[in-house]
Amino acid sequence: MGRKILLEHINVPGIAGYEVYRQNGGYRSVEKALKMTPNDIVEEVKKSGLRGRGGAGFPTGMKWSFIDKKSGRPRYLVCNADESEPGTFKDRYLMEKLPHLLIEGMITSSIALEAHLSYIYIRGEYMWVYRILEKAINEAYAKGWLGKNIQGSGFDLDLYVTCGAGAYICGEETGLIESLEGKRGNPRIKPPFPAVVGLYGNPTVVNNVETIMDVPWILMNGGEEFAKIGIGKSTGTKLISASGHIKNPGVYEIELSISVEEFVNSDEYCGGMYSDRPMKACVPGGSSVPILPAELLFKTAKGEQRMMTYESMSDGGFATGSMIGSGGFIVYDDTACVVRNTWNFARFYHHESCGQCSPCREGTGWMEKILYRIENGYGSQSDIDLLWDIQRKIEGNTICPLGDAAAWPVAAAIRHFRHEFEYHVRYPEKIKDRKHFEYEPWEKVKHLMAKESVLV
Amino acid sequence: MALAEAGPEQIVFSEPLMKRIEVLKSHFPDGKKKSALLTVLHEVQDEHEDWLSVPVMDKVAEVLGILPIEVYEVVTFYSMYNQKPVGKYVFEFCRTSCCVTRGVEDLMDYTCQKLGVGMNEITADGMFQVKGVECLGACGYAPMMQLGDFYHEFLSKEKVDTLIDDCRAGKVEKLSKV
Ligand SMILES: Cc1cc2nc3c(=O)[nH]c(=O)nc-3n(C[C@H](O)[C@H](O)[C@H](O)COP(=O)(O)O)c2cc1C
Ligand code: SF4
Ligand code: FES
């Protein structure tokens, strides 16, 4: 069994309530933090090597040290609980089961940032979780962990939960800030970064739910202890939400040192494939990261064992690697159609584009349309090249990374599964049914592609 | 009178709703009360047949002390706000990849057929509507759908049948409580 930092007490009955949480050591990190200087807390987090769990993996301690404390303007901590990246459902699990751990992390982190007003921004669909958090926050106020003069320390902190209303783009930190100000979630041009100009124009740190929940453990056990877990710059544990064609979908806490193979096949985690069908592909870090064919998942292109770490997962770059991302681990067996799946993601990004930049607004729409065409048997060979061209022109040319996130899955699908796109173009009558690979998996039809193409 | 025909003078926010709006406003600094807008709109929508008519949006603007256009631009941006009437029970199936791998498309077809409607259509009695929405953060519990505030996971045809019956019998709760 791997070490558990976040989920250690998850099965304690009543742990979502204040009393049980407190009896199990809850809020002790706040007592400790109140006796430390803010700087010492930041240093401890730096030592831990903790990297943002929202997707980008930016070192948290470093991010915190960027916050502008000199100007004397109010500072805010905002927790990103927007969780809308397809494949990702860990934050919801954490908040539903351990609301007080999030509050505890928000308090200790706010002390580090010397923030006196903080928010949890949760996606609107998680309304029942919003209620759970609101209740837990009220309990924390009643017990003197929030409000004026926390536990007689002289430190004041107000914490509230606020919600979105169905827009993936509000997970992007500046889109989130706009939304939190009661506006459309249009991302802002950076710089200035939120650490200097954020919520209401004031210095703001935005952190993912899981990132913030790691902080109490780091304070109680020391940053060095955290850094002992994992490999190299991938320290600590990470929650992985696993879904798709595996036996045991769910949320797992792993040490950032196990192999991908162990994660997929061991009964402690995914438990292997859910039927006897072979694995075809995997999207290891949420819909935005490149899809990997099965043969590149367990082993890197160099033939080394691939590990569940930031570095190993991205080994080979986008040519033969992918990313840990948000930890949304989606597995597909050979009944899944990569073209259909890519179209599904493209539709998602088109739907979620905020529309500020033309490459993203138009490009995502074009990609969706072309993929729809290919998927339904009306595509041509040149469509595949056109698709490649469009995704290349989106990447790097937009205000926020949603454009890249829309382009990468398309690029990776063409890179690794071009033969499937070509099959769709050449044998339209065979792919009319959306379950065509259930009836005739790729293994059975690939010989057709050896024949000379009749379509030019 | 149906909300669709109600003019601005007929729009009334209940006392509990007005109290709740005051609480939500108190969460934000002076001069920044607009921040409460998204949450307020959810609560208002819940009290007004699950959709936001123009007079209702105007009333929200008035209560928050902002311009109507500031409310309209938000309502038109976010997918959870309805700008026209919806069915009493809206089955919002997640149609994104992970749910597709676990058969949500068949379930959507089944539900539409059973209710005799196409996607997004409201049944003649106004009771049901079937929609496809994007990933709801329940990918490991697929296939799934949202009904009101709640998630229904690991769906099957049998579960959909039961849910429809329960809705008809008025046994399905839509709103979560504090
Ligand atoms: C389109 C888009 C969507 C995002 N969605 C989320 C999200 O739902 N949750 C999240 O924590 N971070 C999300 N992020 C990343 C945030 O912008 C930001 O990097 C993160 O909240 C920082 O927190 P961390 O450093 O603790 O990871 C998203 C980024 C982009 C570009
Ligand atoms: S890249 Fe897309 S989502 Fe991001 S700001 Fe531009 S249009 Fe909006
Ligand atoms: S893909 Fe359906 S809930 Fe995420």
# chains A, B, ... in the order shown; residues from 1 in each chain; ligands from 1

$ interface_residues --of "chain A" --to "chain B" --cutoff "7 Å" --atoms "only C-alpha atoms" --output "JSON, numbers by chain"
{"A": [83, 84, 86, 87, 88, 89, 125, 127, 128, 131, 135, 160, 162, 163, 164, 165, 166, 167, 180, 181, 182, 183, 184, 242, 243, 244, 245, 249, 250, 330, 336, 341, 344, 348]}

$ write_last_selection --atoms "C-alpha atoms" --output "PDB file, in the first residue's frame"
ATOM      1  CA  GLU A  83     -12.847  20.949 -12.093  1.00  0.00           C
ATOM      2  CA  SER A  84     -14.223  20.625 -15.625  1.00  0.00           C
ATOM      3  CA  PRO A  86     -12.951  15.782 -18.996  1.00  0.00           C
ATOM      4  CA  GLY A  87     -11.651  12.746 -17.153  1.00  0.00           C
ATOM      5  CA  THR A  88     -11.040  14.606 -13.891  1.00  0.00           C
ATOM      6  CA  PHE A  89     -13.193  14.042 -10.816  1.00  0.00           C
ATOM      7  CA  GLU A 125     -22.906  21.768 -11.346  1.00  0.00           C
ATOM      8  CA  MET A 127     -24.246  22.515  -6.166  1.00  0.00           C
ATOM      9  CA  TRP A 128     -24.641  19.837  -3.531  1.00  0.00           C
ATOM     10  CA  ARG A 131     -23.810  23.170   0.235  1.00  0.00           C
ATOM     11  CA  LYS A 135     -21.980  24.016   6.015  1.00  0.00           C
ATOM     12  CA  TYR A 160     -16.510  32.004   1.393  1.00  0.00           C
ATOM     13  CA  THR A 162     -18.944  30.965  -4.545  1.00  0.00           C
ATOM     14  CA  CYS A 163     -19.975  29.206  -7.711  1.00  0.00           C
ATOM     15  CA  GLY A 164     -19.760  29.178 -11.469  1.00  0.00           C
ATOM     16  CA  ALA A 165     -22.497  28.206 -13.875  1.00  0.00           C
ATOM     17  CA  GLY A 166     -21.240  25.780 -16.468  1.00  0.00           C
ATOM     18  CA  ALA A 167     -18.182  27.077 -18.300  1.00  0.00           C
ATOM     19  CA  LEU A 180     -15.600  35.587  -9.563  1.00  0.00           C
ATOM     20  CA  GLU A 181     -16.051  39.285 -10.235  1.00  0.00           C
ATOM     21  CA  GLY A 182     -19.506  38.470 -11.614  1.00  0.00           C
ATOM     22  CA  LYS A 183     -18.630  38.682 -15.283  1.00  0.00           C
ATOM     23  CA  ARG A 184     -18.278  36.446 -18.332  1.00  0.00           C
ATOM     24  CA  ALA A 242      -9.320   6.770 -13.487  1.00  0.00           C
ATOM     25  CA  SER A 243     -12.129   6.099 -15.920  1.00  0.00           C
ATOM     26  CA  GLY A 244     -12.962   4.394 -19.178  1.00  0.00           C
ATOM     27  CA  HIS A 245     -12.597   0.717 -19.972  1.00  0.00           C
ATOM     28  CA  PRO A 249     -12.824   3.274 -12.130  1.00  0.00           C
ATOM     29  CA  GLY A 250     -12.409   5.707  -9.262  1.00  0.00           C
ATOM     30  CA  ILE A 330      -8.867   7.676 -19.303  1.00  0.00           C
ATOM     31  CA  ALA A 336     -13.240   2.672 -28.922  1.00  0.00           C
ATOM     32  CA  ASN A 341     -13.239  10.272 -29.494  1.00  0.00           C
ATOM     33  CA  ASN A 344     -15.964  14.282 -29.056  1.00  0.00           C
ATOM     34  CA  PHE A 348     -16.102  19.964 -26.192  1.00  0.00           C
TER      35      PHE A 348
END

$ select_by_dssp --residues "range 284-392 of chain A" --states "strand (DSSP E or B)" --output "PyMOL selection string"
chain A and resi 284+286+292-293+299+305+307+328-333

$ write_last_selection --atoms "all heavy atoms" --output "mmCIF file, in the first residue's frame"
data_model
loop_
_atom_site.group_PDB
_atom_site.id
_atom_site.type_symbol
_atom_site.label_atom_id
_atom_site.label_comp_id
_atom_site.auth_asym_id
_atom_site.auth_seq_id
_atom_site.Cartn_x
_atom_site.Cartn_y
_atom_site.Cartn_z
ATOM 1 N N PRO A 284 -3.692 10.142 -20.397
ATOM 2 C CA PRO A 284 -3.299 9.969 -19.001
ATOM 3 C C PRO A 284 -3.512 11.165 -18.083
ATOM 4 O O PRO A 284 -3.390 11.028 -16.871
ATOM 5 C CB PRO A 284 -1.805 9.639 -19.105
ATOM 6 C CG PRO A 284 -1.362 10.264 -20.376
ATOM 7 C CD PRO A 284 -2.542 10.295 -21.301
ATOM 8 N N GLY A 286 -6.184 13.957 -18.390
ATOM 9 C CA GLY A 286 -7.293 14.846 -18.742
ATOM 10 C C GLY A 286 -7.319 15.091 -20.236
ATOM 11 O O GLY A 286 -6.303 14.940 -20.918
ATOM 12 N N LEU A 292 -2.037 8.581 -25.886
ATOM 13 C CA LEU A 292 -0.917 7.668 -26.143
ATOM 14 C C LEU A 292 -1.455 6.319 -26.578
ATOM 15 O O LEU A 292 -2.378 5.792 -25.962
ATOM 16 C CB LEU A 292 -0.081 7.462 -24.867
ATOM 17 C CG LEU A 292 0.871 8.560 -24.441
ATOM 18 C CD1 LEU A 292 1.605 8.126 -23.169
ATOM 19 C CD2 LEU A 292 1.885 8.866 -25.544
ATOM 20 N N PRO A 293 -0.854 5.724 -27.600
ATOM 21 C CA PRO A 293 -1.232 4.354 -27.942
ATOM 22 C C PRO A 293 -0.713 3.417 -26.855
ATOM 23 O O PRO A 293 0.270 3.736 -26.181
ATOM 24 C CB PRO A 293 -0.516 4.103 -29.268
ATOM 25 C CG PRO A 293 0.567 5.117 -29.357
ATOM 26 C CD PRO A 293 0.194 6.265 -28.476
ATOM 27 N N LYS A 299 5.776 1.731 -21.614
ATOM 28 C CA LYS A 299 7.197 1.928 -21.895
ATOM 29 C C LYS A 299 7.393 3.189 -22.718
ATOM 30 O O LYS A 299 6.573 3.499 -23.584
ATOM 31 C CB LYS A 299 7.743 0.723 -22.677
ATOM 32 C CG LYS A 299 7.935 -0.508 -21.829
ATOM 33 C CD LYS A 299 9.094 -1.328 -22.370
ATOM 34 C CE LYS A 299 9.622 -2.374 -21.417
ATOM 35 N NZ LYS A 299 8.691 -3.071 -20.566
ATOM 36 N N GLN A 305 10.817 1.767 -18.580
ATOM 37 C CA GLN A 305 9.514 1.680 -17.934
ATOM 38 C C GLN A 305 8.972 3.088 -17.694
ATOM 39 O O GLN A 305 9.687 3.959 -17.216
ATOM 40 C CB GLN A 305 9.684 0.959 -16.595
ATOM 41 C CG GLN A 305 8.365 0.599 -15.993
ATOM 42 C CD GLN A 305 8.537 -0.303 -14.790
ATOM 43 O OE1 GLN A 305 9.350 -0.025 -13.903
ATOM 44 N NE2 GLN A 305 7.785 -1.387 -14.756
ATOM 45 N N MET A 307 6.882 5.776 -15.714
ATOM 46 C CA MET A 307 6.436 5.929 -14.341
ATOM 47 C C MET A 307 5.339 6.987 -14.249
ATOM 48 O O MET A 307 5.210 7.853 -15.116
ATOM 49 C CB MET A 307 7.608 6.362 -13.437
ATOM 50 C CG MET A 307 8.884 5.571 -13.628
ATOM 51 S SD MET A 307 8.689 3.825 -13.246
ATOM 52 C CE MET A 307 8.587 3.916 -11.470
ATOM 53 N N GLY A 328 -6.448 13.091 -14.823
ATOM 54 C CA GLY A 328 -7.641 12.423 -15.369
ATOM 55 C C GLY A 328 -7.182 11.327 -16.318
ATOM 56 O O GLY A 328 -6.805 11.589 -17.448
ATOM 57 N N PHE A 329 -7.196 10.107 -15.841
ATOM 58 C CA PHE A 329 -6.583 8.972 -16.545
ATOM 59 C C PHE A 329 -7.684 8.173 -17.241
ATOM 60 O O PHE A 329 -8.456 7.464 -16.596
ATOM 61 C CB PHE A 329 -5.864 8.122 -15.490
ATOM 62 C CG PHE A 329 -4.870 7.132 -16.021
ATOM 63 C CD1 PHE A 329 -3.535 7.482 -16.178
ATOM 64 C CD2 PHE A 329 -5.258 5.836 -16.341
ATOM 65 C CE1 PHE A 329 -2.605 6.561 -16.638
ATOM 66 C CE2 PHE A 329 -4.328 4.907 -16.803
ATOM 67 C CZ PHE A 329 -3.001 5.277 -16.945
ATOM 68 N N ILE A 330 -7.773 8.315 -18.563
ATOM 69 C CA ILE A 330 -8.867 7.676 -19.303
ATOM 70 C C ILE A 330 -8.310 6.558 -20.177
ATOM 71 O O ILE A 330 -7.411 6.798 -20.987
ATOM 72 C CB ILE A 330 -9.604 8.687 -20.213
ATOM 73 C CG1 ILE A 330 -9.807 10.029 -19.501
ATOM 74 C CG2 ILE A 330 -10.932 8.115 -20.680
ATOM 75 C CD1 ILE A 330 -10.288 11.141 -20.423
ATOM 76 N N VAL A 331 -8.844 5.371 -20.001
ATOM 77 C CA VAL A 331 -8.333 4.206 -20.728
ATOM 78 C C VAL A 331 -9.370 3.744 -21.762
ATOM 79 O O VAL A 331 -10.569 3.702 -21.472
ATOM 80 C CB VAL A 331 -8.032 3.061 -19.737
ATOM 81 C CG1 VAL A 331 -7.606 1.805 -20.481
ATOM 82 C CG2 VAL A 331 -6.957 3.485 -18.748
ATOM 83 N N TYR A 332 -8.892 3.444 -22.950
ATOM 84 C CA TYR A 332 -9.784 2.966 -24.011
ATOM 85 C C TYR A 332 -9.364 1.582 -24.476
ATOM 86 O O TYR A 332 -8.174 1.340 -24.697
ATOM 87 C CB TYR A 332 -9.734 3.910 -25.221
ATOM 88 C CG TYR A 332 -10.083 5.331 -24.877
ATOM 89 C CD1 TYR A 332 -9.083 6.258 -24.584
ATOM 90 C CD2 TYR A 332 -11.409 5.755 -24.842
ATOM 91 C CE1 TYR A 332 -9.406 7.571 -24.257
ATOM 92 C CE2 TYR A 332 -11.735 7.057 -24.522
ATOM 93 C CZ TYR A 332 -10.732 7.961 -24.229
ATOM 94 O OH TYR A 332 -11.054 9.250 -23.903
ATOM 95 N N ASP A 333 -10.324 0.690 -24.654
ATOM 96 C CA ASP A 333 -9.979 -0.604 -25.249
ATOM 97 C C ASP A 333 -10.229 -0.542 -26.758
ATOM 98 O O ASP A 333 -10.560 0.524 -27.301
ATOM 99 C CB ASP A 333 -10.711 -1.764 -24.559
ATOM 100 C CG ASP A 333 -12.207 -1.766 -24.821
ATOM 101 O OD1 ASP A 333 -12.648 -1.138 -25.806
ATOM 102 O OD2 ASP A 333 -12.943 -2.397 -24.037
#

$ closest_residue --among "A:Gly185, A:Gly124, A:Pro194, A:Gly201" --to "ligand 2" --atoms "only C-alpha atoms and all ligand atoms"
A:Gly185

$ atom_distance --atom1 "CA of Val289 in chain A" --atom2 "CA of Gly132 in chain B"
23.5 Å

$ residues_around --residues "Lys159 in chain B" --least-positions-apart "6" --cutoff "12 Å" --atoms "only C-alpha atoms" --output "MDAnalysis selection string"
chainID B and resid 107 110:111 143:145 152:153 165:166

$ atom_distance --atom1 "CA of Arg22 in chain A" --atom2 "CA of Ile218 in chain A"
17.7 Å

$ residues_around --residues "Ile374 in chain A" --least-positions-apart "5" --cutoff "7 Å" --atoms "only C-alpha atoms" --output "PyMOL selection string"
chain A and resi 379+424-425

$ write_last_selection --atoms "N, CA, C and O atoms" --output "PDB file, in the first residue's frame"
ATOM      1  N   GLY A 379     -15.478  12.278 -45.138  1.00  0.00           N
ATOM      2  CA  GLY A 379     -14.178  12.959 -45.172  1.00  0.00           C
ATOM      3  C   GLY A 379     -13.348  12.555 -46.375  1.00  0.00           C
ATOM      4  O   GLY A 379     -13.614  11.555 -47.029  1.00  0.00           O
ATOM      5  N   HIS A 424     -11.244   5.578 -42.013  1.00  0.00           N
ATOM      6  CA  HIS A 424     -12.552   6.236 -42.083  1.00  0.00           C
ATOM      7  C   HIS A 424     -12.790   6.852 -43.461  1.00  0.00           C
ATOM      8  O   HIS A 424     -13.903   6.841 -43.978  1.00  0.00           O
ATOM      9  N   VAL A 425     -11.735   7.415 -44.016  1.00  0.00           N
ATOM     10  CA  VAL A 425     -11.871   8.069 -45.311  1.00  0.00           C
ATOM     11  C   VAL A 425     -12.055   7.038 -46.422  1.00  0.00           C
ATOM     12  O   VAL A 425     -12.873   7.206 -47.323  1.00  0.00           O
TER      13      VAL A 425
END

$ atom_distance --atom1 "CA of Pro99 in chain A" --atom2 "CA of Val44 in chain B"
26.0 Å

$ residues_near_ligand --ligand "ligand 2" --cutoff "7 Å" --atoms "only C-alpha atoms and all ligand atoms" --output "PDB file with N, CA and C atoms, in the first residue's frame"
ATOM      1  N   ILE A 169     -14.044  27.227 -19.228  1.00  0.00           N
ATOM      2  CA  ILE A 169     -13.006  28.253 -19.303  1.00  0.00           C
ATOM      3  C   ILE A 169     -12.796  28.942 -17.954  1.00  0.00           C
ATOM      4  N   ASN A 186     -14.082  35.484 -19.493  1.00  0.00           N
ATOM      5  CA  ASN A 186     -13.074  35.696 -20.531  1.00  0.00           C
ATOM      6  C   ASN A 186     -11.684  35.818 -19.918  1.00  0.00           C
ATOM      7  N   PRO A 187     -10.768  34.916 -20.265  1.00  0.00           N
ATOM      8  CA  PRO A 187      -9.413  35.018 -19.714  1.00  0.00           C
ATOM      9  C   PRO A 187      -8.761  36.368 -20.039  1.00  0.00           C
ATOM     10  N   GLU A 352     -16.672  25.094 -25.463  1.00  0.00           N
ATOM     11  CA  GLU A 352     -16.160  25.803 -24.297  1.00  0.00           C
ATOM     12  C   GLU A 352     -15.277  27.005 -24.629  1.00  0.00           C
ATOM     13  N   SER A 353     -14.924  27.199 -25.883  1.00  0.00           N
ATOM     14  CA  SER A 353     -14.101  28.352 -26.244  1.00  0.00           C
ATOM     15  C   SER A 353     -14.864  29.621 -25.884  1.00  0.00           C
ATOM     16  N   CYS A 354     -14.177  30.570 -25.247  1.00  0.00           N
ATOM     17  CA  CYS A 354     -14.881  31.790 -24.837  1.00  0.00           C
ATOM     18  C   CYS A 354     -15.084  32.723 -26.014  1.00  0.00           C
ATOM     19  N   GLY A 355     -14.322  32.505 -27.097  1.00  0.00           N
ATOM     20  CA  GLY A 355     -14.562  33.267 -28.310  1.00  0.00           C
ATOM     21  C   GLY A 355     -13.775  34.554 -28.460  1.00  0.00           C
ATOM     22  N   GLN A 356     -12.840  34.810 -27.560  1.00  0.00           N
ATOM     23  CA  GLN A 356     -12.083  36.066 -27.675  1.00  0.00           C
ATOM     24  C   GLN A 356     -11.047  36.056 -28.802  1.00  0.00           C
ATOM     25  N   CYS A 357     -10.413  34.894 -29.025  1.00  0.00           N
ATOM     26  CA  CYS A 357      -9.350  34.860 -30.039  1.00  0.00           C
ATOM     27  C   CYS A 357      -9.844  34.099 -31.266  1.00  0.00           C
ATOM     28  N   SER A 358      -9.584  34.640 -32.445  1.00  0.00           N
ATOM     29  CA  SER A 358     -10.088  33.954 -33.643  1.00  0.00           C
ATOM     30  C   SER A 358      -9.490  32.573 -33.860  1.00  0.00           C
ATOM     31  N   CYS A 360      -8.759  30.288 -31.845  1.00  0.00           N
ATOM     32  CA  CYS A 360      -9.461  29.327 -30.978  1.00  0.00           C
ATOM     33  C   CYS A 360     -10.939  29.261 -31.337  1.00  0.00           C
ATOM     34  N   ARG A 361     -11.579  30.416 -31.433  1.00  0.00           N
ATOM     35  CA  ARG A 361     -13.025  30.432 -31.712  1.00  0.00           C
ATOM     36  C   ARG A 361     -13.339  29.751 -33.028  1.00  0.00           C
ATOM     37  N   THR A 398      -2.901  32.068 -29.014  1.00  0.00           N
ATOM     38  CA  THR A 398      -4.129  32.495 -28.343  1.00  0.00           C
ATOM     39  C   THR A 398      -3.832  33.116 -26.984  1.00  0.00           C
ATOM     40  N   ILE A 399      -4.854  33.750 -26.400  1.00  0.00           N
ATOM     41  CA  ILE A 399      -4.685  34.424 -25.115  1.00  0.00           C
ATOM     42  C   ILE A 399      -4.443  33.420 -23.997  1.00  0.00           C
ATOM     43  N   CYS A 400      -5.218  32.370 -23.994  1.00  0.00           N
ATOM     44  CA  CYS A 400      -5.085  31.410 -22.889  1.00  0.00           C
ATOM     45  C   CYS A 400      -4.786  30.028 -23.451  1.00  0.00           C
ATOM     46  N   PRO A 401      -4.399  29.090 -22.599  1.00  0.00           N
ATOM     47  CA  PRO A 401      -4.017  27.765 -23.103  1.00  0.00           C
ATOM     48  C   PRO A 401      -5.178  26.888 -23.573  1.00  0.00           C
ATOM     49  N   LEU A 402      -6.421  27.361 -23.543  1.00  0.00           N
ATOM     50  CA  LEU A 402      -7.491  26.494 -24.054  1.00  0.00           C
ATOM     51  C   LEU A 402      -7.254  26.177 -25.523  1.00  0.00           C
ATOM     52  N   GLY A 403      -6.720  27.138 -26.255  1.00  0.00           N
ATOM     53  CA  GLY A 403      -6.423  26.886 -27.661  1.00  0.00           C
ATOM     54  C   GLY A 403      -5.466  25.716 -27.825  1.00  0.00           C
TER      55      GLY A 403
END

$ residues_around --residues "Leu387 in chain A" --least-positions-apart "6" --cutoff "9 Å" --atoms "only C-alpha atoms" --output "list in words"
Trp366, Met367, Ile370, Leu371, Val410, Ala411 and Ile414 of chain A

$ residues_around --residues "Leu159 in chain A" --least-positions-apart "6" --cutoff "10 Å" --atoms "only C-alpha atoms" --output "PyMOL selection string"
(chain A and resi 77-78+103+106-107+110+116-120+134+137-138+140-141+146-147) or (chain B and resi 27)

$ write_last_selection --atoms "N, CA, C and O atoms" --output "mmCIF file, in the first residue's frame"
data_model
loop_
_atom_site.group_PDB
_atom_site.id
_atom_site.type_symbol
_atom_site.label_atom_id
_atom_site.label_comp_id
_atom_site.auth_asym_id
_atom_site.auth_seq_id
_atom_site.Cartn_x
_atom_site.Cartn_y
_atom_site.Cartn_z
ATOM 1 N N LEU A 77 -6.484 34.664 -1.615
ATOM 2 C CA LEU A 77 -6.228 33.303 -2.074
ATOM 3 C C LEU A 77 -7.539 32.789 -2.657
ATOM 4 O O LEU A 77 -8.592 32.914 -2.033
ATOM 5 N N VAL A 78 -7.474 32.252 -3.855
ATOM 6 C CA VAL A 78 -8.672 31.702 -4.467
ATOM 7 C C VAL A 78 -8.420 30.229 -4.778
ATOM 8 O O VAL A 78 -7.416 29.880 -5.402
ATOM 9 N N ILE A 103 -10.797 23.485 4.009
ATOM 10 C CA ILE A 103 -10.852 24.724 4.791
ATOM 11 C C ILE A 103 -9.551 24.910 5.579
ATOM 12 O O ILE A 103 -8.971 25.989 5.607
ATOM 13 N N MET A 106 -6.981 26.064 3.275
ATOM 14 C CA MET A 106 -7.218 27.460 2.888
ATOM 15 C C MET A 106 -6.730 28.408 3.984
ATOM 16 O O MET A 106 -6.169 29.462 3.706
ATOM 17 N N ILE A 107 -6.941 28.002 5.249
ATOM 18 C CA ILE A 107 -6.519 28.881 6.344
ATOM 19 C C ILE A 107 -4.993 28.956 6.402
ATOM 20 O O ILE A 107 -4.411 30.039 6.409
ATOM 21 N N SER A 110 -3.653 30.857 3.491
ATOM 22 C CA SER A 110 -3.940 32.292 3.597
ATOM 23 C C SER A 110 -2.991 32.956 4.591
ATOM 24 O O SER A 110 -2.575 34.096 4.391
ATOM 25 N N HIS A 116 -6.432 38.039 3.925
ATOM 26 C CA HIS A 116 -7.482 38.088 4.948
ATOM 27 C C HIS A 116 -8.864 37.830 4.377
ATOM 28 O O HIS A 116 -9.860 37.878 5.091
ATOM 29 N N LEU A 117 -8.892 37.591 3.064
ATOM 30 C CA LEU A 117 -10.166 37.259 2.426
ATOM 31 C C LEU A 117 -9.851 36.228 1.345
ATOM 32 O O LEU A 117 -8.974 36.453 0.514
ATOM 33 N N SER A 118 -10.544 35.105 1.408
ATOM 34 C CA SER A 118 -10.258 34.041 0.443
ATOM 35 C C SER A 118 -11.560 33.410 -0.032
ATOM 36 O O SER A 118 -12.567 33.458 0.661
ATOM 37 N N TYR A 119 -11.482 32.848 -1.220
ATOM 38 C CA TYR A 119 -12.683 32.240 -1.799
ATOM 39 C C TYR A 119 -12.395 30.854 -2.332
ATOM 40 O O TYR A 119 -11.279 30.560 -2.779
ATOM 41 N N ILE A 120 -13.433 30.028 -2.291
ATOM 42 C CA ILE A 120 -13.405 28.760 -3.025
ATOM 43 C C ILE A 120 -14.388 28.934 -4.177
ATOM 44 O O ILE A 120 -15.571 29.196 -3.945
ATOM 45 N N GLU A 134 -20.363 24.979 2.311
ATOM 46 C CA GLU A 134 -20.927 26.105 3.052
ATOM 47 C C GLU A 134 -21.193 25.709 4.504
ATOM 48 O O GLU A 134 -20.889 26.470 5.430
ATOM 49 N N ILE A 137 -17.885 25.462 6.325
ATOM 50 C CA ILE A 137 -17.337 26.795 6.601
ATOM 51 C C ILE A 137 -18.059 27.407 7.808
ATOM 52 O O ILE A 137 -17.428 27.987 8.700
ATOM 53 N N ASN A 138 -19.375 27.238 7.848
ATOM 54 C CA ASN A 138 -20.124 27.765 8.996
ATOM 55 C C ASN A 138 -19.660 27.123 10.296
ATOM 56 O O ASN A 138 -19.524 27.795 11.322
ATOM 57 N N ALA A 140 -16.675 25.948 10.846
ATOM 58 C CA ALA A 140 -15.343 26.474 11.148
ATOM 59 C C ALA A 140 -15.432 27.883 11.756
ATOM 60 O O ALA A 140 -14.671 28.229 12.666
ATOM 61 N N TYR A 141 -16.375 28.675 11.264
ATOM 62 C CA TYR A 141 -16.589 30.002 11.864
ATOM 63 C C TYR A 141 -17.016 29.846 13.322
ATOM 64 O O TYR A 141 -16.476 30.498 14.228
ATOM 65 N N LEU A 146 -12.281 30.633 11.702
ATOM 66 C CA LEU A 146 -12.425 31.670 10.679
ATOM 67 C C LEU A 146 -13.035 32.900 11.344
ATOM 68 O O LEU A 146 -13.617 32.809 12.422
ATOM 69 N N GLY A 147 -12.890 34.031 10.673
ATOM 70 C CA GLY A 147 -13.448 35.267 11.214
ATOM 71 C C GLY A 147 -12.364 36.127 11.828
ATOM 72 O O GLY A 147 -11.186 36.023 11.467
ATOM 73 N N HIS B 27 -20.799 38.417 1.344
ATOM 74 C CA HIS B 27 -19.530 37.700 1.188
ATOM 75 C C HIS B 27 -18.491 38.495 0.416
ATOM 76 O O HIS B 27 -17.345 38.078 0.299
#

$ residues_around --residues "Met108 in chain B" --least-positions-apart "5" --cutoff "12 Å" --atoms "only C-alpha atoms" --output "number ranges by chain"
B: 91-95, 99-100, 103, 113-120, 129-133, 143-145, 155-157, 160
